[in-house]
>>> print(open('structure-v1.tsv').read())   # TSV, C-alpha atoms and all ligand atoms
chain	number	residue	atom	x	y	z
A	102	MET	CA	17.12	3.78	-24.41
A	103	THR	CA	14.47	6.13	-25.70
A	104	ASP	CA	13.30	5.58	-29.25
A	105	ARG	CA	11.75	8.72	-30.72
A	106	SER	CA	9.83	8.30	-33.91
A	107	THR	CA	10.48	10.63	-36.78
A	108	THR	CA	6.85	11.45	-37.26
A	109	GLN	CA	6.52	14.14	-34.63
A	110	PRO	CA	4.57	17.11	-35.97
A	111	THR	CA	6.70	20.07	-36.90
A	112	ALA	CA	5.82	23.70	-37.12
A	113	PRO	CA	6.35	25.49	-40.41
A	114	GLY	CA	9.03	28.05	-41.04
A	115	ARG	CA	12.38	26.30	-40.79
A	116	PRO	CA	13.87	23.11	-42.20
A	117	GLY	CA	13.55	21.50	-38.82
A	118	GLY	CA	10.11	22.90	-38.09
A	119	GLY	CA	9.58	25.43	-35.29
A	120	PRO	CA	10.03	29.15	-35.56
A	121	GLY	CA	11.25	30.95	-38.64
A	122	PRO	CA	14.88	31.80	-39.28
A	123	ASP	CA	14.80	35.10	-37.45
A	124	ALA	CA	12.84	33.88	-34.46
A	125	ARG	CA	14.36	32.96	-31.14
A	126	PRO	CA	12.83	30.86	-28.40
A	127	ASP	CA	10.98	32.95	-25.85
A	128	SER	CA	13.29	31.74	-23.10
A	129	GLY	CA	16.39	31.94	-25.26
A	130	PRO	CA	19.10	34.58	-25.19
A	131	ASP	CA	18.67	37.79	-27.11
A	132	ALA	CA	21.20	38.87	-29.70
A	133	ALA	CA	23.30	40.83	-27.19
A	134	GLU	CA	23.54	37.95	-24.72
A	135	LEU	CA	24.40	35.55	-27.49
A	136	ALA	CA	27.07	37.86	-28.92
A	137	ASP	CA	28.60	38.24	-25.47
A	138	ALA	CA	28.60	34.47	-24.90
A	139	ALA	CA	30.07	33.83	-28.33
A	140	ALA	CA	32.91	36.27	-27.71
A	141	ARG	CA	33.69	34.94	-24.24
A	142	LEU	CA	33.51	31.28	-25.20
A	143	GLU	CA	35.51	31.45	-28.42
A	144	THR	CA	38.68	30.76	-26.43
A	145	ALA	CA	37.10	28.77	-23.59
A	146	SER	CA	37.69	25.09	-22.97
A	147	PRO	CA	35.05	22.63	-24.21
A	148	THR	CA	33.89	21.95	-20.66
A	149	GLU	CA	33.46	25.67	-20.02
A	150	VAL	CA	31.40	25.93	-23.19
A	151	ILE	CA	29.24	22.94	-22.31
A	152	ALA	CA	28.83	24.17	-18.73
A	153	TRP	CA	27.57	27.51	-20.05
A	154	ALA	CA	25.04	25.77	-22.29
A	155	TRP	CA	23.90	23.48	-19.50
A	156	GLN	CA	23.48	26.29	-17.00
A	157	ARG	CA	21.72	28.48	-19.55
A	158	PHE	CA	19.38	25.89	-21.11
A	159	ARG	CA	19.26	22.78	-18.89
A	160	GLY	CA	16.58	20.44	-20.22
A	161	ASP	CA	16.14	22.64	-23.27
A	162	VAL	CA	19.49	21.56	-24.72
A	163	ALA	CA	20.42	18.20	-26.21
A	164	LEU	CA	23.68	16.83	-27.57
A	165	ALA	CA	23.54	15.38	-31.07
A	166	CYS	CA	26.36	12.89	-31.44
A	167	SER	CA	27.55	10.90	-34.45
A	168	PHE	CA	29.43	8.41	-32.25
A	169	GLN	CA	32.58	8.47	-34.34
A	170	ASP	CA	34.30	8.91	-31.02
A	171	ALA	CA	33.22	9.48	-27.42
A	172	VAL	CA	35.13	12.69	-26.69
A	173	VAL	CA	32.26	15.17	-26.68
A	174	ILE	CA	30.23	12.77	-24.54
A	175	ASP	CA	33.07	12.28	-22.06
A	176	LEU	CA	33.38	16.06	-21.75
A	177	ALA	CA	29.64	16.68	-21.54
A	178	VAL	CA	28.89	14.23	-18.76
A	179	GLN	CA	31.50	15.94	-16.57
A	180	VAL	CA	29.61	19.23	-16.45
A	181	ALA	CA	26.15	18.37	-17.75
A	182	PRO	CA	25.17	15.15	-15.99
A	183	GLY	CA	21.95	13.74	-17.37
A	184	ILE	CA	22.08	15.70	-20.60
A	185	GLU	CA	20.09	14.04	-23.34
A	186	VAL	CA	22.26	12.58	-26.10
A	187	VAL	CA	20.72	12.02	-29.53
A	188	PHE	CA	21.96	9.42	-32.00
A	189	LEU	CA	20.48	9.34	-35.47
A	190	ASP	CA	20.12	5.69	-36.40
A	191	THR	CA	19.77	5.97	-40.15
A	192	GLY	CA	19.22	2.26	-40.62
A	193	ALA	CA	22.39	2.28	-42.72
A	194	HIS	CA	25.11	2.38	-40.08
A	195	PHE	CA	27.92	-0.14	-39.78
A	196	ASP	CA	27.27	-2.86	-37.24
A	197	GLU	CA	30.43	-1.64	-35.54
A	198	THR	CA	28.91	1.80	-35.06
A	199	LEU	CA	25.78	0.38	-33.47
A	200	ALA	CA	27.90	-1.76	-31.14
A	201	TYR	CA	29.99	1.29	-30.26
A	202	VAL	CA	26.87	3.30	-29.43
A	203	GLU	CA	25.81	0.58	-26.99
A	204	ALA	CA	29.27	0.38	-25.43
A	205	VAL	CA	29.42	4.15	-24.91
A	206	ARG	CA	25.88	4.25	-23.60
A	207	ASP	CA	26.70	1.59	-21.03
A	208	ARG	CA	29.99	3.18	-20.03
A	209	TYR	CA	28.40	6.54	-19.24
A	210	GLY	CA	24.85	5.51	-18.41
A	211	LEU	CA	23.68	7.92	-21.05
A	212	GLN	CA	20.26	9.44	-21.33
A	213	LEU	CA	20.22	8.33	-24.96
A	214	THR	CA	17.59	9.01	-27.57
A	215	VAL	CA	17.88	6.97	-30.76
A	216	THR	CA	15.88	8.20	-33.73
A	217	THR	CA	14.75	6.03	-36.61
A	218	PRO	CA	13.93	6.91	-40.22
A	219	GLY	CA	10.39	7.47	-41.35
A	220	PRO	CA	8.57	4.92	-43.49
A	221	ASP	CA	9.30	6.80	-46.72
A	222	ALA	CA	13.06	6.54	-46.39
A	223	ASP	CA	13.41	3.23	-48.22
A	224	ALA	CA	12.02	4.78	-51.38
A	225	TRP	CA	15.09	6.96	-51.76
A	226	PRO	CA	18.45	5.55	-52.74
A	227	CYS	CA	21.49	5.99	-50.61
A	228	GLY	CA	23.46	9.08	-51.51
A	229	THR	CA	20.50	11.28	-52.43
A	230	GLU	CA	19.60	14.44	-50.57
A	231	ARG	CA	16.19	12.96	-49.81
A	232	CYS	CA	17.82	9.94	-48.18
A	233	CYS	CA	19.71	12.17	-45.74
A	234	GLU	CA	16.62	14.31	-45.22
A	235	LEU	CA	14.49	11.34	-44.19
A	236	ARG	CA	17.13	9.42	-42.26
A	237	LYS	CA	18.92	12.30	-40.54
A	238	VAL	CA	17.44	15.78	-40.87
A	239	ALA	CA	13.79	14.94	-40.21
A	240	PRO	CA	14.59	12.63	-37.27
A	241	LEU	CA	16.80	15.27	-35.68
A	242	ARG	CA	14.03	17.78	-36.22
A	243	GLY	CA	11.77	15.57	-34.14
A	244	ALA	CA	14.36	15.05	-31.42
A	245	LEU	CA	15.05	18.78	-31.08
A	246	ALA	CA	11.45	19.93	-31.29
A	247	GLY	CA	10.58	22.36	-28.54
A	248	ARG	CA	14.17	22.92	-27.45
A	249	SER	CA	16.12	26.14	-27.27
A	250	ALA	CA	19.60	24.90	-28.10
A	251	TRP	CA	21.63	22.00	-29.36
A	252	LEU	CA	25.20	20.84	-28.79
A	253	THR	CA	27.26	19.12	-31.45
A	254	GLY	CA	30.68	17.53	-31.85
A	255	LEU	CA	31.44	19.58	-34.97
A	256	LYS	CA	35.03	20.73	-35.52
A	257	ARG	CA	36.30	23.41	-37.89
A	258	VAL	CA	38.87	21.01	-39.28
A	259	ASP	CA	36.19	18.53	-40.32
A	260	ALA	CA	35.66	20.18	-43.69
A	261	PRO	CA	36.15	23.47	-45.52
A	262	THR	CA	32.43	24.07	-45.13
A	263	ARG	CA	32.92	24.04	-41.36
A	264	ALA	CA	36.09	26.15	-41.19
A	265	LEU	CA	34.27	29.20	-39.85
A	266	ALA	CA	31.86	27.38	-37.54
A	267	PRO	CA	31.31	29.48	-34.40
A	268	VAL	CA	31.56	28.02	-30.91
A	269	VAL	CA	28.23	29.62	-30.05
A	270	SER	CA	25.74	31.08	-32.50
A	271	PHE	CA	22.10	31.33	-33.39
A	272	ASP	CA	21.48	28.58	-35.93
A	273	ALA	CA	18.97	30.20	-38.23
A	274	ALA	CA	18.45	27.00	-40.20
A	275	TRP	CA	17.12	25.26	-37.10
A	276	GLY	CA	15.82	28.21	-35.11
A	277	LEU	CA	18.01	27.16	-32.18
A	278	VAL	CA	21.14	28.27	-30.40
A	279	LYS	CA	23.92	26.02	-31.66
A	280	VAL	CA	26.89	25.20	-29.45
A	281	ASN	CA	30.02	23.57	-30.88
A	282	PRO	CA	32.31	23.02	-27.89
A	283	LEU	CA	34.93	21.22	-29.99
A	284	ALA	CA	34.91	23.75	-32.84
A	285	THR	CA	38.53	24.79	-32.28
A	286	TRP	CA	39.89	21.28	-31.71
A	287	THR	CA	41.98	19.38	-34.23
A	288	ASP	CA	42.01	15.67	-34.98
A	289	ASP	CA	45.20	15.46	-32.91
A	290	ASP	CA	43.41	17.07	-29.96
A	291	ILE	CA	40.76	14.37	-30.22
A	292	ALA	CA	43.34	11.58	-30.44
A	293	CYS	CA	45.31	12.93	-27.47
A	294	TYR	CA	42.19	13.28	-25.35
A	295	GLU	CA	41.13	9.72	-26.17
A	296	LEU	CA	44.55	8.44	-25.20
A	297	ASP	CA	44.91	10.52	-22.05
A	298	HIS	CA	41.48	9.54	-20.77
A	299	GLY	CA	41.39	5.94	-21.91
A	300	LEU	CA	38.31	6.39	-24.04
A	301	PRO	CA	36.94	3.55	-26.15
A	302	ARG	CA	37.70	4.00	-29.84
A	303	HIS	CA	35.32	3.29	-32.65
A	304	PRO	CA	36.28	-0.21	-33.85
A	305	LEU	CA	36.58	0.91	-37.47
A	306	PHE	CA	39.05	3.69	-36.73
A	307	ASP	CA	42.06	1.41	-36.73
A	308	ARG	CA	40.88	-0.07	-40.03
A	309	GLY	CA	41.34	3.24	-41.80
A	310	TYR	CA	37.94	4.79	-41.28
A	311	ARG	CA	38.75	8.32	-40.08
A	312	SER	CA	35.34	9.86	-40.71
A	313	ILE	CA	32.47	7.46	-40.21
A	314	GLY	CA	28.95	7.85	-41.47
A	315	CYS	CA	26.54	5.46	-43.12
A	316	ALA	CA	28.07	2.23	-44.40
A	317	PRO	CA	27.06	2.57	-48.07
A	318	THR	CA	28.68	5.99	-48.39
A	319	THR	CA	31.77	5.61	-46.21
A	320	ARG	CA	35.11	4.10	-47.19
A	321	PRO	CA	38.44	3.97	-45.37
A	322	THR	CA	41.05	6.56	-46.31
A	323	ALA	CA	44.75	6.16	-46.93
A	324	PRO	CA	47.35	7.68	-44.59
A	325	GLY	CA	47.71	11.35	-45.44
A	326	GLU	CA	44.40	11.48	-47.31
A	327	ASP	CA	41.73	13.93	-46.14
A	328	PRO	CA	39.70	11.96	-43.58
A	329	ARG	CA	36.44	13.12	-45.10
A	330	ALA	CA	37.47	11.94	-48.56
A	331	GLY	CA	35.93	8.67	-47.49
A	332	ARG	CA	32.47	10.17	-47.20
A	333	TRP	CA	30.26	10.14	-50.29
A	334	ALA	CA	33.38	9.38	-52.33
A	335	GLY	CA	32.91	9.92	-56.04
A	336	SER	CA	30.10	12.43	-55.59
A	337	ASP	CA	30.07	16.16	-54.89
A	338	LYS	CA	28.05	15.66	-51.72
A	339	THR	CA	29.96	16.82	-48.62
A	340	GLU	CA	27.29	17.41	-45.99
A	341	CYS	CA	24.14	15.62	-44.96
A	342	GLY	CA	22.12	18.76	-44.23
A	343	LEU	CA	22.48	18.89	-40.45
A	344	HIS	CA	25.09	21.61	-40.35
A	345	ALA	CA	24.65	24.85	-42.20
A	346	SER	CA	27.26	26.42	-39.91
B	401	LIG	S1	24.70	9.34	-45.39
B	401	LIG	FE1	24.06	8.15	-47.20
B	401	LIG	S2	22.90	6.39	-46.46
B	401	LIG	FE2	23.13	7.85	-44.76
B	401	LIG	S3	21.28	9.02	-44.80
B	401	LIG	FE3	22.73	10.17	-46.03
B	401	LIG	S4	22.54	9.47	-48.16
B	401	LIG	FE4	21.43	8.02	-46.81
>>> encode(input="structure-v1.tsv", output="structure tokens", more="lines below")
Ligand code: SF4
Amino acid sequence: MTDRSTTQPTAPGRPGGGPGPDARPDSGPDAAELADAAARLETASPTEVIAWAWQRFRGDVALACSFQDAVVIDLAVQVAPGIEVVFLDTGAHFDETLAYVEAVRDRYGLQLTVTTPGPDADAWPCGTERCCELRKVAPLRGALAGRSAWLTGLKRVDAPTRALAPVVSFDAAWGLVKVNPLATWTDDDIACYELDHGLPRHPLFDRGYRSIGCAPTTRPTAPGEDPRAGRWAGSDKTECGLHAS
């Protein structure tokens, strides 16, 4: 397992460092190519989307995974063998999540990078924007530094803020092409895929945790309740700053 520190130098101009919002990597697609890919892949299967990203970017793309489930990893390894997978260890995860990460890593022999928070993180209480910045955003910035694209497991049904998330787009906030192969999938699609393919489930899922983040800010939800109601419950916080689209 690779352990990347969060203290990698970052270039000015975007929240994650690197080029400014309107810049694109030299080797990246221009606006026309990206628009064409976005239109073609909107109705493509997740493996077709991942295969496009892998063929287009190879070592310049990484998959950021929250390890709430293993679906996006199972799909990715089919068409992008050896792709780097990034897990943001915030230092505040459930023990069950950390065990699940290890189980999934072993199952697939993942090329896994685990980030850790910077030394300043402990000064900020759980639930603050700064806490997420230091435990998630800055570490991901380091892990994606120098890349052209990133893959995520984001789904449109995850939250109203994600309802319009494109399958492929230029992520101005990060200065990278962003690929969401599961954007059009529902929670039922995920559950069916897990069942059909015998995937390991996160151990907390059957205890009512339908959306799993850091332990201090995640609670189980009742049947019929919005799965993300268990995240940052009691506050107006709904995102950790990784996904602007
Ligand atoms: S989800 Fe909560 S504990 Fe985790 S980094 Fe964000 S604010 Fe901190």
>>> residues_near_ligand(input="structure-v1.tsv", ligand="ligand LIG 401 (chain B)", cutoff="6 Å", atoms="all atoms listed in the file", output="list in words")
Thr191, Ala193, Cys227, Gly228, Thr229, Cys232, Cys233, Arg236, Lys237, Gly314, Cys315, Pro317, Thr318 and Cys341 of chain A
>>> write_last_selection(input="structure-v1.tsv", atoms="C-alpha atoms", output="compact mmCIF listing (two decimals), in the coordinates of the input")
# COMPACT_ATOMS: atom_id res chain seq x y z
CA THR A 191 19.77 5.97 -40.15
CA ALA A 193 22.39 2.28 -42.72
CA CYS A 227 21.49 5.99 -50.61
CA GLY A 228 23.46 9.08 -51.51
CA THR A 229 20.50 11.28 -52.43
CA CYS A 232 17.82 9.94 -48.18
CA CYS A 233 19.71 12.17 -45.74
CA ARG A 236 17.13 9.42 -42.26
CA LYS A 237 18.92 12.30 -40.54
CA GLY A 314 28.95 7.85 -41.47
CA CYS A 315 26.54 5.46 -43.12
CA PRO A 317 27.06 2.57 -48.07
CA THR A 318 28.68 5.99 -48.39
CA CYS A 341 24.14 15.62 -44.96
>>> closest_atom_pairs(input="structure-v1.tsv", of="range 234-278 of chain A", to="range 325-328 of chain A", cutoff="12 Å", atoms="all atoms listed in the file", output="tab-separated table")
residue	atom	partner	partner_atom	distance
A:Val258	CA	A:Pro328	CA	10.1
A:Asp259	CA	A:Pro328	CA	8.1
A:Ala260	CA	A:Asp327	CA	9.1
A:Pro261	CA	A:Asp327	CA	11.1
>>> write_last_selection(input="structure-v1.tsv", atoms="C-alpha atoms", output="PDB file, keeping the file's coordinate frame")
ATOM      1  CA  VAL A 258      38.870  21.010 -39.280  1.00  0.00           C
ATOM      2  CA  ASP A 259      36.190  18.530 -40.320  1.00  0.00           C
ATOM      3  CA  ALA A 260      35.660  20.180 -43.690  1.00  0.00           C
ATOM      4  CA  PRO A 261      36.150  23.470 -45.520  1.00  0.00           C
TER       5      PRO A 261
END
>>> closest_residue(input="structure-v1.tsv", among="A:Glu197, A:Asp288, A:Glu234, A:Asp272", to="Lys256 in chain A", atoms="all atoms listed in the file")
A:Asp288
>>> residues_near_point(input="structure-v1.tsv", point="(35.8, 21.0, -32.8)", cutoff="7 Å", atoms="all atoms listed in the file", output="list in words")
Gly254, Leu255, Lys256, Arg257, Asn281, Pro282, Leu283, Ala284, Thr285, Trp286 and Thr287 of chain A
>>> atom_distance(input="structure-v1.tsv", atom1="CA of Leu189 in chain A", atom2="CA of Tyr294 in chain A")
24.3 Å
>>> residues_around(input="structure-v1.tsv", residues="range 207-221 of chain A", least_positions_apart="4", cutoff="10 Å", atoms="all atoms listed in the file", output="VMD selection string")
chain A and resid 102 to 108 163 to 165 171 174 to 175 178 182 to 193 201 to 203 225 231 to 241 243 to 244 300 to 301
>>> build_atoms(input="structure-v1.tsv", residues="range 209-233 of chain A", atoms="N, CA and C atoms", output="PDB file, in the frame of the given file")
ATOM      1  N   TYR A 209      28.754   5.274 -19.882  1.00  0.00           N
ATOM      2  CA  TYR A 209      28.400   6.540 -19.240  1.00  0.00           C
ATOM      3  C   TYR A 209      26.989   6.557 -18.658  1.00  0.00           C
ATOM      4  N   GLY A 210      26.239   5.502 -18.859  1.00  0.00           N
ATOM      5  CA  GLY A 210      24.850   5.510 -18.410  1.00  0.00           C
ATOM      6  C   GLY A 210      24.067   6.641 -19.050  1.00  0.00           C
ATOM      7  N   LEU A 211      24.233   6.767 -20.347  1.00  0.00           N
ATOM      8  CA  LEU A 211      23.680   7.920 -21.050  1.00  0.00           C
ATOM      9  C   LEU A 211      22.166   7.959 -21.048  1.00  0.00           C
ATOM     10  N   GLN A 212      21.666   9.179 -21.034  1.00  0.00           N
ATOM     11  CA  GLN A 212      20.260   9.440 -21.330  1.00  0.00           C
ATOM     12  C   GLN A 212      20.191   9.550 -22.852  1.00  0.00           C
ATOM     13  N   LEU A 213      20.039   8.398 -23.504  1.00  0.00           N
ATOM     14  CA  LEU A 213      20.220   8.330 -24.960  1.00  0.00           C
ATOM     15  C   LEU A 213      18.897   8.227 -25.699  1.00  0.00           C
ATOM     16  N   THR A 214      18.729   9.092 -26.655  1.00  0.00           N
ATOM     17  CA  THR A 214      17.590   9.010 -27.570  1.00  0.00           C
ATOM     18  C   THR A 214      18.101   8.537 -28.924  1.00  0.00           C
ATOM     19  N   VAL A 215      17.510   7.484 -29.443  1.00  0.00           N
ATOM     20  CA  VAL A 215      17.880   6.970 -30.760  1.00  0.00           C
ATOM     21  C   VAL A 215      16.706   7.205 -31.702  1.00  0.00           C
ATOM     22  N   THR A 216      16.950   7.955 -32.764  1.00  0.00           N
ATOM     23  CA  THR A 216      15.880   8.200 -33.730  1.00  0.00           C
ATOM     24  C   THR A 216      15.921   7.133 -34.820  1.00  0.00           C
ATOM     25  N   THR A 217      14.820   6.978 -35.500  1.00  0.00           N
ATOM     26  CA  THR A 217      14.750   6.030 -36.610  1.00  0.00           C
ATOM     27  C   THR A 217      14.145   6.729 -37.830  1.00  0.00           C
ATOM     28  N   PRO A 218      14.467   6.258 -39.025  1.00  0.00           N
ATOM     29  CA  PRO A 218      13.930   6.910 -40.220  1.00  0.00           C
ATOM     30  C   PRO A 218      12.427   6.709 -40.343  1.00  0.00           C
ATOM     31  N   GLY A 219      11.800   7.615 -41.066  1.00  0.00           N
ATOM     32  CA  GLY A 219      10.390   7.470 -41.350  1.00  0.00           C
ATOM     33  C   GLY A 219      10.146   6.401 -42.394  1.00  0.00           C
ATOM     34  N   PRO A 220       8.890   6.023 -42.591  1.00  0.00           N
ATOM     35  CA  PRO A 220       8.570   4.920 -43.490  1.00  0.00           C
ATOM     36  C   PRO A 220       8.886   5.208 -44.953  1.00  0.00           C
ATOM     37  N   ASP A 221       9.032   6.466 -45.313  1.00  0.00           N
ATOM     38  CA  ASP A 221       9.300   6.800 -46.720  1.00  0.00           C
ATOM     39  C   ASP A 221      10.767   6.660 -47.102  1.00  0.00           C
ATOM     40  N   ALA A 222      11.620   6.470 -46.115  1.00  0.00           N
ATOM     41  CA  ALA A 222      13.060   6.540 -46.390  1.00  0.00           C
ATOM     42  C   ALA A 222      13.522   5.493 -47.398  1.00  0.00           C
ATOM     43  N   ASP A 223      12.938   4.315 -47.344  1.00  0.00           N
ATOM     44  CA  ASP A 223      13.410   3.230 -48.220  1.00  0.00           C
ATOM     45  C   ASP A 223      13.177   3.519 -49.697  1.00  0.00           C
ATOM     46  N   ALA A 224      12.319   4.475 -49.980  1.00  0.00           N
ATOM     47  CA  ALA A 224      12.020   4.780 -51.380  1.00  0.00           C
ATOM     48  C   ALA A 224      13.129   5.602 -52.029  1.00  0.00           C
ATOM     49  N   TRP A 225      14.057   6.080 -51.223  1.00  0.00           N
ATOM     50  CA  TRP A 225      15.090   6.960 -51.760  1.00  0.00           C
ATOM     51  C   TRP A 225      16.441   6.297 -51.655  1.00  0.00           C
ATOM     52  N   PRO A 226      17.176   6.258 -52.755  1.00  0.00           N
ATOM     53  CA  PRO A 226      18.450   5.550 -52.740  1.00  0.00           C
ATOM     54  C   PRO A 226      19.506   6.265 -51.911  1.00  0.00           C
ATOM     55  N   CYS A 227      20.379   5.475 -51.372  1.00  0.00           N
ATOM     56  CA  CYS A 227      21.490   5.990 -50.610  1.00  0.00           C
ATOM     57  C   CYS A 227      22.298   6.985 -51.434  1.00  0.00           C
ATOM     58  N   GLY A 228      22.654   8.084 -50.824  1.00  0.00           N
ATOM     59  CA  GLY A 228      23.460   9.080 -51.510  1.00  0.00           C
ATOM     60  C   GLY A 228      22.642  10.267 -51.989  1.00  0.00           C
ATOM     61  N   THR A 229      21.328  10.153 -51.993  1.00  0.00           N
ATOM     62  CA  THR A 229      20.500  11.280 -52.430  1.00  0.00           C
ATOM     63  C   THR A 229      20.236  12.224 -51.268  1.00  0.00           C
ATOM     64  N   GLU A 230      19.932  13.464 -51.605  1.00  0.00           N
ATOM     65  CA  GLU A 230      19.600  14.440 -50.570  1.00  0.00           C
ATOM     66  C   GLU A 230      18.380  13.981 -49.769  1.00  0.00           C
ATOM     67  N   ARG A 231      17.429  13.396 -50.469  1.00  0.00           N
ATOM     68  CA  ARG A 231      16.190  12.960 -49.810  1.00  0.00           C
ATOM     69  C   ARG A 231      16.479  11.850 -48.793  1.00  0.00           C
ATOM     70  N   CYS A 232      17.453  11.012 -49.105  1.00  0.00           N
ATOM     71  CA  CYS A 232      17.820   9.940 -48.180  1.00  0.00           C
ATOM     72  C   CYS A 232      18.305  10.543 -46.863  1.00  0.00           C
ATOM     73  N   CYS A 233      19.219  11.507 -46.958  1.00  0.00           N
ATOM     74  CA  CYS A 233      19.710  12.170 -45.740  1.00  0.00           C
ATOM     75  C   CYS A 233      18.584  12.936 -45.048  1.00  0.00           C
TER      76      CYS A 233
END
